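Contents: one structure, followed by commentary.
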Amino acid sequence: MLKYAIIFAIISLIAGALGFTGVAAGSAGIAKILFGLFLLVAIVFVVLAALGVGAVRKAID
């Protein structure tokens, strides 16, 4: 997901430099959404990993 966010950000930069402002705005919007989803999924995985470590410690004890 992060890969596609970076690709859309690069497309946005190139389109903006060439004067295609509509394409640049659309690509930037998609990049923002994908990056936000990436952050959300990353936070969920970190929380799940932290809870899993706690569960493993309790199981060992």
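Naming works like this for the structure tokens: A, B, ... for the chains as they're shown, residue 1 at the start of each chain, ligands 1 onward in shown order.
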Pick out the residues sitting within 12 Å of Leu13 of chain A, and hand them over as a count of residues only; count only C-alpha atoms, and ignore anything fewer than 2 positions along from it in its own chain. 21
I need the residue nearest Val41 of chain A from this list: A:Met1, A:Val53, A:Ile60, A:Ile14. Use only C-alpha atoms for the distance.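 Nearest candidate to Val41 of chain A out of A:Met1, A:Val53, A:Ile60, A:Ile14: A:Met1.
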